Amino acid sequence: MRYQVREKIFRLGEDNDILNESGQPVYQVDGKVLSLHGLMLVNDLSGNQVGQVSRKLVALLATYEITLAGGVSAQVHQRFSGPFHPKWTISVAGGTDMEMTGNFAGHDFTLTENGQTVATVSKAWISLADSYGVDIVDGQNDLLILCSVLALEAEQDRSQEHNRGAGPLGGLGELGGLGGGGIGGALGDVLKGPL
């Protein structure tokens with residue numbers, strides 16, 4: 001099944017829909033609470049909560065916890081694999097782990113389980129510039145995969161906000177701690193100066 005997800009779904013400060021391949025809403029994502037509580041809620045079209053994604057505050061690498069209605073739970077966590085080939089693992093409680101690899105910033109990556117592709121994320125078959133598609137193989141837990149992709153989107157958005165100076169250290173995460181905003185960003189701007 002193919003789904004359509006808007007990029008930067010949380011930054012807009014409003015509820016957003018996940019659409020099916022026909023463009024019909026399937027789920028509603030409430031990202032408003034993400035900035036306040038590190039939490040996002042996924043609801044069905046009747047408004048019932050069917051999923052919850054929360055950022056684990058104390059972890060060596062970025063980690064998100066997913067809880068689905070019906071008792072399924074998982075963790076999406078970044079694996080240390082070097083800066084140029086990041087990898088994420090989806091650890092499903094009582095199930096088989098999945099791996100996410102590829103170009104995350106470009107929304108062009110795959111999810112695999114036991115070496116078999118279970119989902120592909122791509123902008124290639126979506127005509128809207130601010131959206132990407134999630135193509136999930138039949139027989140998979142679509143909601144779990146969608147929540148995992150949303151966790152990754154939230155982490156990318158969080159990292160970009162931090163690098164722009166909206167983070168707690170005023171953007172000390174960019175250019176070796178010298179760019180992006182705040183005191184660190186101002187110092188970085190002075191040091192970079194005209195070339």
# chains A, B, ... in the order shown; residues from 1 in each chain; ligands from 1
>>> closest_atom_pairs(of="region 85-158 of chain A", to="region 65-75 of chain A", cutoff="7 Å", atoms="only C-alpha atoms", output="CSV")
residue,atom,partner,partner_atom,distance
A:Ile90,CA,A:Gln75,CA,5.6
A:Ser91,CA,A:Gln75,CA,5.1
A:Val92,CA,A:Ala74,CA,4.2
A:Ala93,CA,A:Ala74,CA,5.6
>>> closest_residue(among="A:Gly47, A:Gln52, A:Leu39, A:Gln116", to="Val26 (chain A)", atoms="only C-alpha atoms")
A:Gly47
>>> residues_around(residues="region 98-110 of chain A", least_positions_apart="3", cutoff="6 Å", atoms="only C-alpha atoms", output="VMD selection string")
chain A and resid 87 to 90 113 119 to 122
>>> decode(residues="region 110-159 of chain A", atoms="N, CA and C atoms", output="short mmCIF file (atom, residue, chain, number, x, y, z; two decimals), in the first residue's frame")
data_model
loop_
_atom_site.label_atom_id
_atom_site.label_comp_id
_atom_site.auth_asym_id
_atom_site.auth_seq_id
_atom_site.Cartn_x
_atom_site.Cartn_y
_atom_site.Cartn_z
N THR A 110 15.12 2.73 2.33
CA THR A 110 14.35 1.49 2.42
C THR A 110 14.34 0.97 3.85
N LEU A 111 13.31 0.21 4.14
CA LEU A 111 13.21 -0.52 5.39
C LEU A 111 13.28 -2.00 5.04
N THR A 112 14.16 -2.71 5.74
CA THR A 112 14.32 -4.14 5.47
C THR A 112 14.13 -4.93 6.76
N GLU A 113 13.71 -6.18 6.58
CA GLU A 113 13.56 -7.12 7.68
C GLU A 113 14.15 -8.44 7.20
N ASN A 114 15.13 -8.95 7.91
CA ASN A 114 15.83 -10.18 7.50
C ASN A 114 16.35 -10.09 6.06
N GLY A 115 16.83 -8.91 5.67
CA GLY A 115 17.38 -8.72 4.34
C GLY A 115 16.37 -8.50 3.24
N GLN A 116 15.08 -8.56 3.55
CA GLN A 116 14.02 -8.37 2.56
C GLN A 116 13.42 -6.98 2.70
N THR A 117 13.22 -6.28 1.59
CA THR A 117 12.61 -4.95 1.62
C THR A 117 11.14 -5.06 2.03
N VAL A 118 10.77 -4.30 3.08
CA VAL A 118 9.38 -4.29 3.53
C VAL A 118 8.70 -2.95 3.23
N ALA A 119 9.51 -1.90 2.97
CA ALA A 119 8.95 -0.60 2.63
C ALA A 119 10.01 0.25 1.94
N THR A 120 9.55 1.12 1.07
CA THR A 120 10.42 2.06 0.37
C THR A 120 9.86 3.45 0.55
N VAL A 121 10.72 4.40 0.89
CA VAL A 121 10.32 5.80 1.02
C VAL A 121 10.98 6.55 -0.13
N SER A 122 10.18 7.31 -0.88
CA SER A 122 10.71 8.00 -2.05
C SER A 122 9.86 9.20 -2.41
N LYS A 123 10.51 10.19 -3.01
CA LYS A 123 9.80 11.33 -3.57
C LYS A 123 9.48 11.10 -5.04
N ALA A 124 10.00 10.02 -5.62
CA ALA A 124 9.94 9.79 -7.06
C ALA A 124 8.51 9.68 -7.60
N TRP A 125 7.59 9.07 -6.84
CA TRP A 125 6.26 8.88 -7.38
C TRP A 125 5.22 9.76 -6.71
N ILE A 126 5.66 10.88 -6.16
CA ILE A 126 4.73 11.85 -5.57
C ILE A 126 4.91 13.17 -6.32
N SER A 127 3.82 13.74 -6.80
CA SER A 127 3.91 14.96 -7.62
C SER A 127 4.03 16.24 -6.78
N LEU A 128 3.64 16.21 -5.52
CA LEU A 128 3.72 17.40 -4.68
C LEU A 128 5.14 17.59 -4.17
N ALA A 129 5.65 18.80 -4.29
CA ALA A 129 7.05 19.08 -3.92
C ALA A 129 7.32 18.89 -2.44
N ASP A 130 6.32 19.11 -1.58
CA ASP A 130 6.57 19.04 -0.14
C ASP A 130 6.09 17.73 0.47
N SER A 131 6.00 16.67 -0.35
CA SER A 131 5.52 15.38 0.13
C SER A 131 6.43 14.26 -0.36
N TYR A 132 6.33 13.12 0.30
CA TYR A 132 7.04 11.92 -0.13
C TYR A 132 6.12 10.73 0.06
N GLY A 133 6.45 9.63 -0.60
CA GLY A 133 5.63 8.44 -0.53
C GLY A 133 6.26 7.36 0.32
N VAL A 134 5.41 6.56 0.93
CA VAL A 134 5.85 5.38 1.69
C VAL A 134 5.11 4.19 1.10
N ASP A 135 5.85 3.31 0.43
CA ASP A 135 5.28 2.14 -0.23
C ASP A 135 5.59 0.92 0.63
N ILE A 136 4.54 0.33 1.22
CA ILE A 136 4.70 -0.77 2.18
C ILE A 136 4.22 -2.07 1.55
N VAL A 137 5.04 -3.10 1.67
CA VAL A 137 4.72 -4.42 1.15
C VAL A 137 3.51 -4.98 1.90
N ASP A 138 2.62 -5.66 1.18
CA ASP A 138 1.45 -6.28 1.81
C ASP A 138 1.87 -7.22 2.93
N GLY A 139 1.08 -7.26 3.99
CA GLY A 139 1.33 -8.16 5.11
C GLY A 139 2.16 -7.55 6.22
N GLN A 140 2.60 -6.31 6.06
CA GLN A 140 3.39 -5.63 7.09
C GLN A 140 2.46 -4.82 7.98
N ASN A 141 2.97 -4.38 9.11
CA ASN A 141 2.22 -3.51 10.01
C ASN A 141 2.41 -2.08 9.50
N ASP A 142 1.48 -1.63 8.66
CA ASP A 142 1.60 -0.32 8.03
C ASP A 142 1.75 0.80 9.05
N LEU A 143 0.96 0.76 10.10
CA LEU A 143 0.99 1.83 11.10
C LEU A 143 2.34 1.88 11.80
N LEU A 144 2.93 0.74 12.11
CA LEU A 144 4.25 0.71 12.74
C LEU A 144 5.30 1.34 11.82
N ILE A 145 5.26 1.00 10.55
CA ILE A 145 6.22 1.55 9.60
C ILE A 145 6.00 3.05 9.42
N LEU A 146 4.75 3.49 9.32
CA LEU A 146 4.47 4.92 9.19
C LEU A 146 4.93 5.69 10.42
N CYS A 147 4.70 5.15 11.61
CA CYS A 147 5.16 5.81 12.84
C CYS A 147 6.68 5.86 12.89
N SER A 148 7.36 4.83 12.39
CA SER A 148 8.82 4.83 12.35
C SER A 148 9.33 5.91 11.41
N VAL A 149 8.69 6.07 10.27
CA VAL A 149 9.07 7.12 9.33
C VAL A 149 8.80 8.50 9.94
N LEU A 150 7.70 8.64 10.67
CA LEU A 150 7.40 9.91 11.34
C LEU A 150 8.44 10.23 12.41
N ALA A 151 8.92 9.21 13.12
CA ALA A 151 9.97 9.42 14.12
C ALA A 151 11.23 9.95 13.46
N LEU A 152 11.58 9.38 12.33
CA LEU A 152 12.76 9.84 11.60
C LEU A 152 12.56 11.27 11.12
N GLU A 153 11.38 11.59 10.62
CA GLU A 153 11.07 12.96 10.18
C GLU A 153 11.16 13.94 11.36
N ALA A 154 10.68 13.54 12.52
CA ALA A 154 10.75 14.39 13.71
C ALA A 154 12.19 14.64 14.11
N GLU A 155 13.04 13.61 14.02
CA GLU A 155 14.44 13.78 14.39
C GLU A 155 15.16 14.69 13.41
N GLN A 156 14.87 14.55 12.13
CA GLN A 156 15.48 15.44 11.14
C GLN A 156 15.05 16.88 11.40
N ASP A 157 13.79 17.09 11.68
CA ASP A 157 13.29 18.43 11.96
C ASP A 157 13.94 18.99 13.22
N ARG A 158 14.08 18.15 14.24
CA ARG A 158 14.71 18.56 15.49
C ARG A 158 16.16 18.96 15.26
N SER A 159 16.89 18.19 14.47
CA SER A 159 18.29 18.49 14.17
C SER A 159 18.42 19.79 13.38
#
